[in-house]
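Visitor: Just final25.txt, nothing more (compact mmCIF, C-alpha atoms):
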```
# COMPACT_ATOMS: atom_id res chain seq x y z
CA LEU A 1 -14.13 -53.09 -35.59
CA PRO A 2 -11.01 -55.32 -35.55
CA GLN A 3 -8.83 -54.59 -38.59
CA ALA A 4 -5.38 -55.65 -39.74
CA GLY A 5 -3.91 -52.31 -38.68
CA GLY A 6 -5.73 -52.16 -35.35
CA SER A 7 -9.24 -51.51 -34.03
CA LEU A 8 -11.47 -48.96 -35.72
CA VAL A 9 -14.23 -47.01 -33.99
CA VAL A 10 -17.23 -45.57 -35.84
CA SER A 11 -19.28 -42.73 -34.37
CA VAL A 12 -22.42 -40.92 -35.55
CA GLY A 13 -24.72 -38.35 -34.02
CA ALA A 14 -26.82 -35.24 -34.44
CA ASP A 15 -23.90 -33.32 -36.03
CA LYS A 16 -24.64 -34.97 -39.41
CA THR A 17 -21.27 -36.67 -39.62
CA LEU A 18 -20.01 -40.24 -39.66
CA ARG A 19 -16.47 -40.53 -38.31
CA VAL A 20 -13.97 -43.37 -38.29
CA TRP A 21 -11.29 -43.40 -35.58
CA SER A 22 -8.20 -45.45 -34.74
CA ALA A 23 -8.50 -46.79 -31.20
CA GLU A 24 -4.74 -47.37 -30.90
CA ARG A 25 -3.61 -44.05 -32.39
CA ARG A 26 -6.58 -42.15 -30.92
CA CYS A 27 -7.05 -40.04 -34.05
CA MET A 28 -9.71 -39.61 -36.71
CA LEU A 29 -9.03 -41.50 -39.93
CA GLY A 30 -12.00 -40.42 -42.03
CA MET A 31 -15.27 -38.52 -42.02
CA ARG A 32 -18.36 -38.31 -44.18
CA LEU A 33 -21.02 -35.59 -44.10
CA LEU A 34 -24.58 -36.91 -43.88
CA ALA A 35 -27.82 -35.38 -45.11
CA GLU A 36 -29.34 -35.78 -41.64
CA GLY A 37 -28.24 -36.63 -38.15
CA ALA A 38 -27.92 -40.34 -37.42
CA THR A 39 -29.60 -42.41 -34.71
CA ALA A 40 -27.76 -45.74 -34.99
CA VAL A 41 -24.86 -47.48 -36.71
CA ALA A 42 -23.75 -51.11 -36.81
CA PRO A 43 -20.83 -52.89 -38.53
CA SER A 44 -21.17 -56.15 -40.41
CA PRO A 45 -19.39 -59.13 -38.79
CA ASP A 46 -16.63 -59.12 -41.40
CA GLY A 47 -16.07 -55.37 -41.04
CA THR A 48 -16.64 -54.60 -44.73
CA ALA A 49 -19.99 -52.80 -44.39
CA LEU A 50 -21.90 -50.46 -42.10
CA ALA A 51 -25.63 -50.11 -41.55
CA LEU A 52 -26.62 -46.51 -40.80
CA ALA A 53 -29.98 -45.10 -39.67
CA LEU A 54 -30.77 -41.46 -40.37
CA ALA A 55 -32.94 -39.23 -38.20
CA ASP A 56 -35.23 -38.20 -41.06
CA ALA A 57 -39.01 -38.67 -41.13
CA PRO A 58 -39.01 -41.92 -43.15
CA GLY A 59 -36.30 -43.47 -40.98
CA THR A 60 -33.91 -44.13 -43.85
CA VAL A 61 -31.49 -47.04 -43.36
CA VAL A 62 -28.56 -47.43 -45.74
CA VAL A 63 -25.79 -49.99 -46.03
CA MET A 64 -22.39 -48.44 -46.69
CA ASP A 65 -19.03 -49.73 -47.85
CA MET A 66 -16.63 -49.50 -44.91
CA ALA A 67 -13.56 -48.70 -46.99
CA SER A 68 -15.02 -45.84 -49.04
CA LEU A 69 -17.92 -44.80 -46.74
CA SER A 70 -20.13 -44.70 -49.84
CA ASP A 71 -23.74 -45.89 -49.98
CA GLU A 72 -24.30 -49.35 -51.45
CA LEU A 73 -28.06 -49.65 -51.01
CA ALA A 74 -31.05 -48.29 -49.08
CA LEU A 75 -33.34 -50.69 -47.26
CA SER A 76 -36.90 -51.06 -48.50
CA ARG A 77 -38.60 -50.88 -45.12
CA PRO A 78 -42.14 -52.23 -44.56
CA ALA A 79 -43.16 -49.07 -42.67
CA GLN A 80 -41.78 -45.57 -42.25
CA GLY A 81 -40.74 -44.21 -38.89
CA GLY A 82 -37.80 -43.61 -36.61
CA VAL A 83 -35.05 -46.20 -36.17
CA SER A 84 -33.47 -46.51 -32.72
CA ALA A 85 -31.16 -49.56 -32.98
CA LEU A 86 -29.34 -51.70 -35.56
CA ALA A 87 -27.61 -55.09 -35.26
CA PHE A 88 -26.14 -57.60 -37.72
CA SER A 89 -26.32 -61.28 -36.78
CA PRO A 90 -22.95 -63.01 -36.14
CA SER A 91 -23.28 -65.00 -39.38
CA GLY A 92 -23.98 -61.83 -41.36
CA GLN A 93 -27.20 -63.42 -42.62
CA TRP A 94 -29.61 -61.01 -40.91
CA LEU A 95 -29.83 -57.30 -40.17
CA ALA A 96 -32.21 -56.29 -37.35
CA VAL A 97 -33.69 -52.79 -37.42
CA GLY A 98 -35.26 -51.69 -34.12
CA THR A 99 -37.81 -48.89 -34.33
CA ASP A 100 -39.29 -46.30 -32.00
CA ARG A 101 -42.69 -47.97 -32.51
CA GLY A 102 -41.59 -51.14 -30.70
CA THR A 103 -41.05 -53.31 -33.76
CA VAL A 104 -37.97 -55.11 -35.06
CA GLU A 105 -37.67 -55.43 -38.84
CA ILE A 106 -35.53 -58.33 -40.07
CA PHE A 107 -33.70 -58.10 -43.41
CA ALA A 108 -31.82 -60.82 -45.30
CA ALA A 109 -28.42 -59.13 -45.37
CA LEU A 110 -26.86 -61.75 -47.67
CA ASP A 111 -29.71 -61.45 -50.16
CA GLY A 112 -29.57 -57.75 -51.03
CA CYS A 113 -31.13 -56.81 -47.65
CA ARG A 114 -34.48 -58.17 -48.77
CA PRO A 115 -37.25 -57.67 -46.16
CA HIS A 116 -37.73 -60.94 -44.25
CA GLY A 117 -40.30 -60.18 -41.55
CA VAL A 118 -41.38 -57.98 -38.66
CA CYS A 119 -41.26 -58.81 -34.94
CA SER A 120 -43.95 -56.87 -33.06
CA ALA A 121 -45.81 -56.85 -29.71
CA LEU A 122 -43.75 -54.28 -27.79
CA ASP A 123 -44.96 -50.96 -26.38
CA GLY A 124 -41.73 -48.95 -26.10
CA ALA A 125 -39.00 -47.88 -28.48
CA VAL A 126 -36.28 -50.48 -29.03
CA THR A 127 -33.08 -49.44 -27.23
CA CYS A 128 -30.76 -52.41 -27.81
CA MET A 129 -30.65 -55.86 -29.39
CA ASP A 130 -28.48 -58.96 -29.05
CA TRP A 131 -28.15 -61.95 -31.38
CA SER A 132 -27.54 -65.52 -30.32
CA VAL A 133 -24.32 -67.22 -31.39
CA ASP A 134 -26.21 -69.29 -33.98
CA SER A 135 -27.94 -66.17 -35.40
CA GLY A 136 -31.34 -67.73 -34.71
CA THR A 137 -32.60 -65.81 -31.66
CA LEU A 138 -32.90 -62.10 -30.95
CA GLN A 139 -33.04 -60.46 -27.51
CA VAL A 140 -34.55 -56.96 -27.28
CA ASN A 141 -34.91 -54.19 -24.67
CA THR A 142 -37.19 -51.16 -24.95
CA ASP A 143 -37.47 -47.84 -23.12
CA ALA A 144 -40.67 -49.20 -21.54
CA PHE A 145 -38.44 -51.69 -19.63
CA GLU A 146 -39.49 -54.66 -21.73
CA LEU A 147 -37.35 -57.74 -22.38
CA ALA A 148 -38.48 -59.90 -25.29
CA PHE A 149 -37.15 -62.75 -27.43
CA TRP A 150 -37.85 -63.71 -31.04
CA ASP A 151 -37.04 -66.52 -33.42
CA ALA A 152 -35.42 -64.55 -36.24
CA ARG A 153 -36.29 -67.14 -38.88
CA THR A 154 -40.03 -67.16 -38.19
CA CYS A 155 -40.37 -63.73 -36.46
CA GLU A 156 -42.35 -65.46 -33.70
CA GLN A 157 -42.02 -64.24 -30.14
CA LEU A 158 -40.52 -66.79 -27.75
CA PRO A 159 -41.34 -67.28 -24.06
CA ALA A 160 -38.49 -66.35 -21.75
CA SER A 161 -38.16 -70.00 -20.67
CA GLN A 162 -37.03 -70.95 -24.19
CA ALA A 163 -34.23 -68.38 -24.07
CA ARG A 164 -32.74 -69.45 -20.75
CA ARG A 165 -29.97 -71.55 -22.28
CA VAL A 166 -29.31 -69.46 -25.37
CA ALA A 167 -25.65 -68.59 -25.93
CA TRP A 168 -25.49 -64.89 -26.81
CA SER A 169 -22.95 -63.48 -29.23
CA THR A 170 -23.15 -60.09 -27.50
CA TRP A 171 -24.81 -58.72 -24.37
CA THR A 172 -25.86 -55.06 -24.65
CA CYS A 173 -29.27 -55.35 -22.99
CA ALA A 174 -29.20 -53.70 -19.57
CA LEU A 175 -32.42 -55.51 -18.66
CA GLY A 176 -31.78 -59.24 -18.64
CA TRP A 177 -30.77 -62.28 -16.62
CA ALA A 178 -27.01 -61.82 -17.01
CA SER A 179 -27.16 -58.19 -15.82
CA LYS A 180 -29.88 -58.33 -13.18
CA GLY A 181 -27.41 -57.91 -10.31
CA ALA A 182 -26.56 -54.40 -11.49
CA PHE A 183 -30.08 -53.19 -10.68
CA ALA A 184 -29.44 -53.63 -6.95
CA ARG A 185 -27.18 -50.57 -7.12
CA VAL A 186 -29.87 -48.15 -8.39
CA ASP A 187 -33.23 -46.93 -7.10
CA GLN A 188 -35.14 -47.22 -10.39
CA PRO A 189 -34.68 -49.35 -13.53
CA ALA A 190 -34.47 -46.22 -15.68
CA GLN A 191 -31.21 -45.27 -13.96
CA LEU A 192 -29.33 -48.00 -15.85
CA THR A 193 -29.05 -46.87 -19.45
CA ARG A 194 -26.55 -49.14 -21.24
CA ALA A 195 -24.64 -52.39 -20.83
CA CYS A 196 -21.90 -54.12 -22.79
CA ARG A 197 -20.18 -57.46 -22.18
CA SER A 198 -16.49 -57.81 -22.98
CA HIS A 199 -15.49 -60.01 -25.91
CA ASP A 200 -14.00 -62.64 -23.60
CA ALA A 201 -17.31 -62.77 -21.68
CA THR A 202 -15.73 -62.07 -18.28
CA THR A 203 -16.69 -58.43 -17.65
CA LEU A 204 -19.93 -56.44 -17.89
CA ALA A 205 -19.75 -52.65 -18.28
CA VAL A 206 -22.89 -50.76 -17.24
CA GLY A 207 -23.67 -47.07 -17.81
CA ASP A 208 -26.14 -45.10 -15.73
CA ALA A 209 -28.29 -41.98 -15.94
CA PHE A 210 -25.84 -39.99 -13.81
CA GLY A 211 -22.90 -40.42 -16.19
CA GLY A 212 -21.23 -43.24 -14.28
CA VAL A 213 -19.64 -46.39 -15.68
CA SER A 214 -19.52 -49.54 -13.53
CA LEU A 215 -17.71 -52.83 -14.13
CA PHE A 216 -19.08 -56.15 -12.90
CA ALA A 217 -17.92 -59.72 -13.28
CA TYR A 218 -20.02 -61.40 -16.00
CA PRO A 219 -22.59 -62.82 -15.61
CA CYS A 220 -23.85 -60.38 -12.98
CA THR A 221 -26.71 -62.33 -11.42
CA SER A 222 -26.20 -61.66 -7.69
CA PHE A 223 -27.87 -58.70 -6.04
CA VAL A 224 -24.80 -58.31 -3.80
CA ALA A 225 -22.34 -58.31 -6.70
CA GLY A 226 -19.42 -55.97 -6.25
CA ALA A 227 -18.47 -53.37 -8.83
CA ALA A 228 -15.75 -50.93 -9.73
CA VAL A 229 -17.46 -47.56 -10.29
CA TYR A 230 -16.12 -44.60 -12.27
CA GLU A 231 -17.39 -41.07 -12.85
CA ALA A 232 -17.52 -40.41 -16.58
CA HIS A 233 -20.08 -38.16 -18.28
CA ALA A 234 -22.10 -35.04 -17.47
CA GLY A 235 -25.39 -36.82 -18.05
CA PRO A 236 -26.68 -40.25 -19.07
CA VAL A 237 -24.37 -42.76 -20.71
CA ALA A 238 -25.71 -43.34 -24.25
CA GLY A 239 -23.32 -46.03 -25.46
CA LEU A 240 -20.64 -48.51 -24.39
CA ALA A 241 -18.31 -50.65 -26.50
CA TRP A 242 -15.26 -52.78 -25.86
CA VAL A 243 -12.31 -52.31 -28.21
CA GLY A 244 -10.35 -55.11 -29.87
CA ASN A 245 -9.00 -57.55 -27.28
CA ASP A 246 -10.85 -55.78 -24.42
CA GLY A 247 -7.85 -53.59 -23.70
CA ALA A 248 -10.04 -50.49 -23.75
CA LEU A 249 -13.64 -49.47 -23.19
CA LEU A 250 -15.45 -46.66 -25.01
CA SER A 251 -18.26 -44.69 -23.40
CA ALA A 252 -20.46 -42.04 -25.07
CA GLY A 253 -22.46 -39.34 -23.28
CA ALA A 254 -25.99 -38.41 -24.31
CA ASP A 255 -25.80 -34.79 -23.11
CA ASP A 256 -22.11 -33.86 -23.18
CA GLY A 257 -21.48 -35.28 -26.66
CA CYS A 258 -18.21 -36.84 -25.48
CA VAL A 259 -16.71 -40.19 -26.40
CA MET A 260 -14.27 -41.37 -23.74
CA GLN A 261 -11.69 -44.12 -24.13
CA TRP A 262 -10.78 -45.97 -20.94
CA ARG A 263 -7.75 -48.22 -20.57
CA HIS A 264 -8.69 -51.64 -19.18
CA GLU A 265 -5.93 -52.39 -16.70
CA GLY A 266 -6.87 -55.53 -14.79
CA PRO A 267 -8.79 -56.83 -11.77
CA THR A 268 -9.74 -54.55 -8.91
CA ALA A 269 -11.56 -55.74 -5.81
CA GLY A 270 -15.04 -54.24 -5.69
CA PRO A 271 -17.39 -53.89 -2.71
CA GLY A 272 -18.43 -57.20 -1.24
CA GLY A 273 -15.20 -58.92 -2.18
CA VAL A 274 -16.21 -59.62 -5.76
CA VAL A 275 -13.39 -58.98 -8.18
CA ALA A 276 -14.13 -56.57 -11.03
CA PRO A 277 -11.66 -55.32 -13.62
CA GLY A 278 -10.39 -51.76 -13.46
CA LEU A 279 -10.36 -48.83 -15.83
CA ALA A 280 -8.14 -45.80 -16.18
CA GLN A 281 -9.10 -42.81 -18.27
CA LEU A 282 -6.52 -41.88 -20.89
CA ASP A 283 -4.39 -38.82 -20.19
CA PRO A 284 -5.86 -35.72 -21.90
CA GLU A 285 -2.39 -35.12 -23.38
CA ASP A 286 -2.92 -38.29 -25.45
CA LEU A 287 -5.58 -36.52 -27.49
CA ASP A 288 -4.64 -35.96 -31.10
CA SER A 289 -4.24 -32.46 -32.48
CA GLU A 290 -7.11 -32.81 -34.96
CA VAL A 291 -9.61 -33.37 -32.17
CA GLU A 292 -8.15 -30.54 -30.10
CA GLU A 293 -8.39 -28.17 -33.06
CA GLU A 294 -11.97 -29.19 -33.73
CA MET A 295 -12.94 -28.61 -30.09
CA GLU A 296 -11.24 -25.22 -30.14
CA SER A 297 -13.03 -24.24 -33.34
CA ALA A 298 -16.35 -25.24 -31.80
CA ARG A 299 -15.64 -22.82 -28.97
CA GLY A 300 -15.19 -20.02 -31.47
CA GLY A 301 -11.42 -20.06 -31.67
CA GLY A 302 -9.05 -21.84 -34.01
CA PRO A 303 -5.81 -23.78 -34.04
CA GLY A 304 -3.85 -20.66 -33.33
CA ALA A 305 -6.32 -18.86 -31.11
CA GLY A 306 -5.00 -17.60 -27.79
CA ALA A 307 -6.64 -18.03 -24.44
CA ALA A 308 -9.34 -15.53 -23.60
```
Translate the structure described by the file into structure tokens.

Guide:
Amino acid sequence: LPQAGGSLVVSVGADKTLRVWSAERRCMLGMRLLAEGATAVAPSPDGTALALALADAPGTVVVMDMASLSDELALSRPAQGGVSALAFSPSGQWLAVGTDRGTVEIFAALDGCRPHGVCSALDGAVTCMDWSVDSGTLQVNTDAFELAFWDARTCEQLPASQARRVAWSTWTCALGWASKGAFARVDQPAQLTRACRSHDATTLAVGDAFGGVSLFAYPCTSFVAGAAVYEAHAGPVAGLAWVGNDGALLSAGADDGCVMQWRHEGPTAGPGGVVAPGLAQLDPEDLDSEVEEEMESARGGGPGAGAA
């Protein structure tokens, strides 16, 4: 989230907390306790609101004020069930809610989040969604390795041929034309778990099931595309996000519960002669004391606890 004082990072998870961090200062700025764990979070384009999905049985989705972290309204969903992805359109007009039943519910975000329609026809749970620049088209991936497109205004599914020339505001779908070259580096499609294009649309970060993070030139359409590859997490990569002016990349681990911040340093020649940008993990000494104390407390010690 770009803000006047720097970039903010929002994290949620099974620990029943929502946390706001400063990317530049690398410290926590605020926290709110939640009634349940959370499965997804998405900021509004203007950074004034957050959409949050809880891991309760009904699949509650609330819109929160970013400044106070207080609830503003709860969505009146057409059907109950788990929510696996959230995404505001670039115009702020629509909020897409991806479910574990393979549907995408569209809400009119500028009209009190009134239900607009439901996009269906998928078999797997929605894993990620991207909006077009004009906020008219939605691109969706599922855990059944499906790639689908919808007209957000009519909720009608579009053939892939109609989406070929769509300009995308974001690219987080690992399965898609602009990221197909990354699949040449894995044995099975399931081994690529997340993708995220930089804001300047020059670099594609891809996370895999082994905890690795790879950087490709965007678009990555060649099956011989080079990459810069980095070891990151002890398990699958669950999330990727570029910070501010693309000076840093965030990666989140599904099993280790870690959020890593990588410094984006510049181009590095990858295999095959294709230039890919480089990353450098921040020095552990850069961690703020609040995080260190929290980690120590989780181990059973405290801020003043000695080594065992």

Visitor: What's the 10 Å shell around segment 184-186 of chain A, counting all atoms listed in the file, without same-chain residues fewer than 2 positions away, as a PDB file with C-alpha atoms, in the frame of the given file?

Guide:
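The resulting result_29.pdb:
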```
ATOM      1  CA  LYS A 180     -29.880 -58.330 -13.180  1.00  0.00           C
ATOM      2  CA  GLY A 181     -27.410 -57.910 -10.310  1.00  0.00           C
ATOM      3  CA  ALA A 182     -26.560 -54.400 -11.490  1.00  0.00           C
ATOM      4  CA  GLN A 188     -35.140 -47.220 -10.390  1.00  0.00           C
ATOM      5  CA  PRO A 189     -34.680 -49.350 -13.530  1.00  0.00           C
ATOM      6  CA  ALA A 190     -34.470 -46.220 -15.680  1.00  0.00           C
ATOM      7  CA  GLN A 191     -31.210 -45.270 -13.960  1.00  0.00           C
ATOM      8  CA  LEU A 192     -29.330 -48.000 -15.850  1.00  0.00           C
ATOM      9  CA  ASP A 208     -26.140 -45.100 -15.730  1.00  0.00           C
ATOM     10  CA  ALA A 209     -28.290 -41.980 -15.940  1.00  0.00           C
ATOM     11  CA  SER A 222     -26.200 -61.660  -7.690  1.00  0.00           C
ATOM     12  CA  PHE A 223     -27.870 -58.700  -6.040  1.00  0.00           C
ATOM     13  CA  VAL A 224     -24.800 -58.310  -3.800  1.00  0.00           C
ATOM     14  CA  ALA A 225     -22.340 -58.310  -6.700  1.00  0.00           C
ATOM     15  CA  GLY A 226     -19.420 -55.970  -6.250  1.00  0.00           C
ATOM     16  CA  ALA A 227     -18.470 -53.370  -8.830  1.00  0.00           C
TER      17      ALA A 227
END
```

Visitor: In Å, with one decimal, what is the gap from atom CA of Val237 of chain A to atom CA of Arg197 of chain A?

Guide: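 So the two atoms, atom CA of Val237 of chain A and atom CA of Arg197 of chain A, lie 15.4 Å apart.
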
Visitor: Name the closest residue to Leu18 of chain A among the candidates A:Thr48, A:Gln261, A:Ser70, A:Thr203; distances are taken between atoms, counting all atoms listed in the file.

Guide: A:Ser70

Visitor: Just how far from atom CA of Val140 of chain A is atom CA of Ala174 of chain A, in Å to one decimal?

Guide: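 Separation between atom CA of Ala174 of chain A and atom CA of Val140 of chain A: 9.9 Å.
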
Visitor: Could you work out how far atom CA of Val259 of chain A lies from atom CA of Arg26 of chain A, giving the answer in Å with one decimal?

Guide: 11.3 Å

Visitor: Name the closest residue to Asp134 of chain A among the candidates A:Leu175, A:Ala96, A:Ser91, A:Leu110; distances are taken between atoms, counting only C-alpha atoms.

Guide: A:Ser91

Visitor: Report as JSON lines the residues of segment 175-228 of chain A within 10 Å of segment 118-129 of chain A, each with its shortest atom pair and distance in Å (one decimal), using only C-alpha atoms, ordered by chain and increasing residue number.

Guide:
```
{"residue": "A:Leu175", "atom": "CA", "partner": "A:Cys128", "partner_atom": "CA", "distance": 9.8}
{"residue": "A:Thr193", "atom": "CA", "partner": "A:Thr127", "partner_atom": "CA", "distance": 9.1}
{"residue": "A:Arg194", "atom": "CA", "partner": "A:Cys128", "partner_atom": "CA", "distance": 8.5}
{"residue": "A:Ala195", "atom": "CA", "partner": "A:Cys128", "partner_atom": "CA", "distance": 9.3}
```

Visitor: Go through A:Trp21, A:Ser84, A:Cys155, A:Ser76 and flag the residue nearest Leu52 of chain A, using only C-alpha atoms for the distances.

Guide: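 Looking only at the distances to Leu52 of chain A, the closest residue turns out to be A:Ser84.
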
Visitor: Residues near Ser169 of chain A, anyone? I mean within 6 Å using all atoms listed in the file, not counting same-chain ones fewer than 6 positions away, as a list in words.

Guide: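 Once the adjacent positions are removed, what remains is Trp131, Ser132 and Val133 of chain A.
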
Visitor: Tell me which protein, DNA and RNA residues are within 10 Å of Ala109 of chain A, counting all atoms listed in the file, leaving out same-chain ones fewer than 2 positions away, and put them as a list in words.

Guide: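 The filter keeps Ser44, Val63, Leu75, Phe88, Ser89, Ser91, Gly92, Gln93, Trp94, Leu95, Ala96, Ile106, Phe107, Asp111, Gly112, Cys113, Arg114, Pro115 and His116 of chain A.
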
Visitor: As an NGL selection string, please: the residues near Gly176 of chain A (cut-off 10 Å, only C-alpha atoms, same-chain neighbours under 5 positions excluded).

Guide: :A and (139-141 or 146-148 or 171 or 181 or 220-221)

Visitor: Let me make sure I understand: among A:Gly207, A:Tyr218, A:His199, A:Pro45, which one has the smallest atom-to-atom distance to Gly247 of chain A if we use only C-alpha atoms?

Guide: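 Answer, going by the shortest atom-to-atom distance: A:His199.
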
Visitor: In terms of the shortest atom-to-atom distance over all atoms listed in the file, which of A:Leu138, A:Leu8, A:Leu29, A:Ala23 is closest to Ala163 of chain A?

Guide: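 Closest candidate: A:Leu138.
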
Visitor: Please define a box with edges along x, y and z of the file around all atoms of segment 12-18 of chain A given in the file, extend it by 5 Å on each side, and return its centre and edge lengths in Å to one decimal, as JSON.

Guide:
```
{"center_x": -23.4, "center_y": -37.1, "center_z": -36.8, "size_x": 16.8, "size_y": 17.6, "size_z": 15.6}
```

Visitor: Excluding same-chain residues fewer than 6 positions from Met66 of chain A, what lies within 12 Å of it counting only C-alpha atoms, as a PDB file with C-alpha atoms, in the coordinates of the input?

Guide:
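So the final result, stored in part.pdb, reads:
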```
ATOM      1  CA  LEU A   1     -14.130 -53.090 -35.590  1.00  0.00           C
ATOM      2  CA  GLN A   3      -8.830 -54.590 -38.590  1.00  0.00           C
ATOM      3  CA  LEU A   8     -11.470 -48.960 -35.720  1.00  0.00           C
ATOM      4  CA  VAL A   9     -14.230 -47.010 -33.990  1.00  0.00           C
ATOM      5  CA  VAL A  10     -17.230 -45.570 -35.840  1.00  0.00           C
ATOM      6  CA  LEU A  18     -20.010 -40.240 -39.660  1.00  0.00           C
ATOM      7  CA  ARG A  19     -16.470 -40.530 -38.310  1.00  0.00           C
ATOM      8  CA  VAL A  20     -13.970 -43.370 -38.290  1.00  0.00           C
ATOM      9  CA  GLY A  30     -12.000 -40.420 -42.030  1.00  0.00           C
ATOM     10  CA  MET A  31     -15.270 -38.520 -42.020  1.00  0.00           C
ATOM     11  CA  ARG A  32     -18.360 -38.310 -44.180  1.00  0.00           C
ATOM     12  CA  VAL A  41     -24.860 -47.480 -36.710  1.00  0.00           C
ATOM     13  CA  ALA A  42     -23.750 -51.110 -36.810  1.00  0.00           C
ATOM     14  CA  PRO A  43     -20.830 -52.890 -38.530  1.00  0.00           C
ATOM     15  CA  SER A  44     -21.170 -56.150 -40.410  1.00  0.00           C
ATOM     16  CA  PRO A  45     -19.390 -59.130 -38.790  1.00  0.00           C
ATOM     17  CA  ASP A  46     -16.630 -59.120 -41.400  1.00  0.00           C
ATOM     18  CA  GLY A  47     -16.070 -55.370 -41.040  1.00  0.00           C
ATOM     19  CA  THR A  48     -16.640 -54.600 -44.730  1.00  0.00           C
ATOM     20  CA  ALA A  49     -19.990 -52.800 -44.390  1.00  0.00           C
ATOM     21  CA  LEU A  50     -21.900 -50.460 -42.100  1.00  0.00           C
ATOM     22  CA  ALA A  51     -25.630 -50.110 -41.550  1.00  0.00           C
ATOM     23  CA  LEU A  52     -26.620 -46.510 -40.800  1.00  0.00           C
ATOM     24  CA  GLU A  72     -24.300 -49.350 -51.450  1.00  0.00           C
TER      25      GLU A  72
END
```

Visitor: Using only C-alpha atoms, pick whichever of A:Ala57, A:Leu33, A:Met260, A:Ala87 has the shortest atom-to-atom distance to Ser135 of chain A.

Guide: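 Nearest to Ser135 of chain A: A:Ala87.
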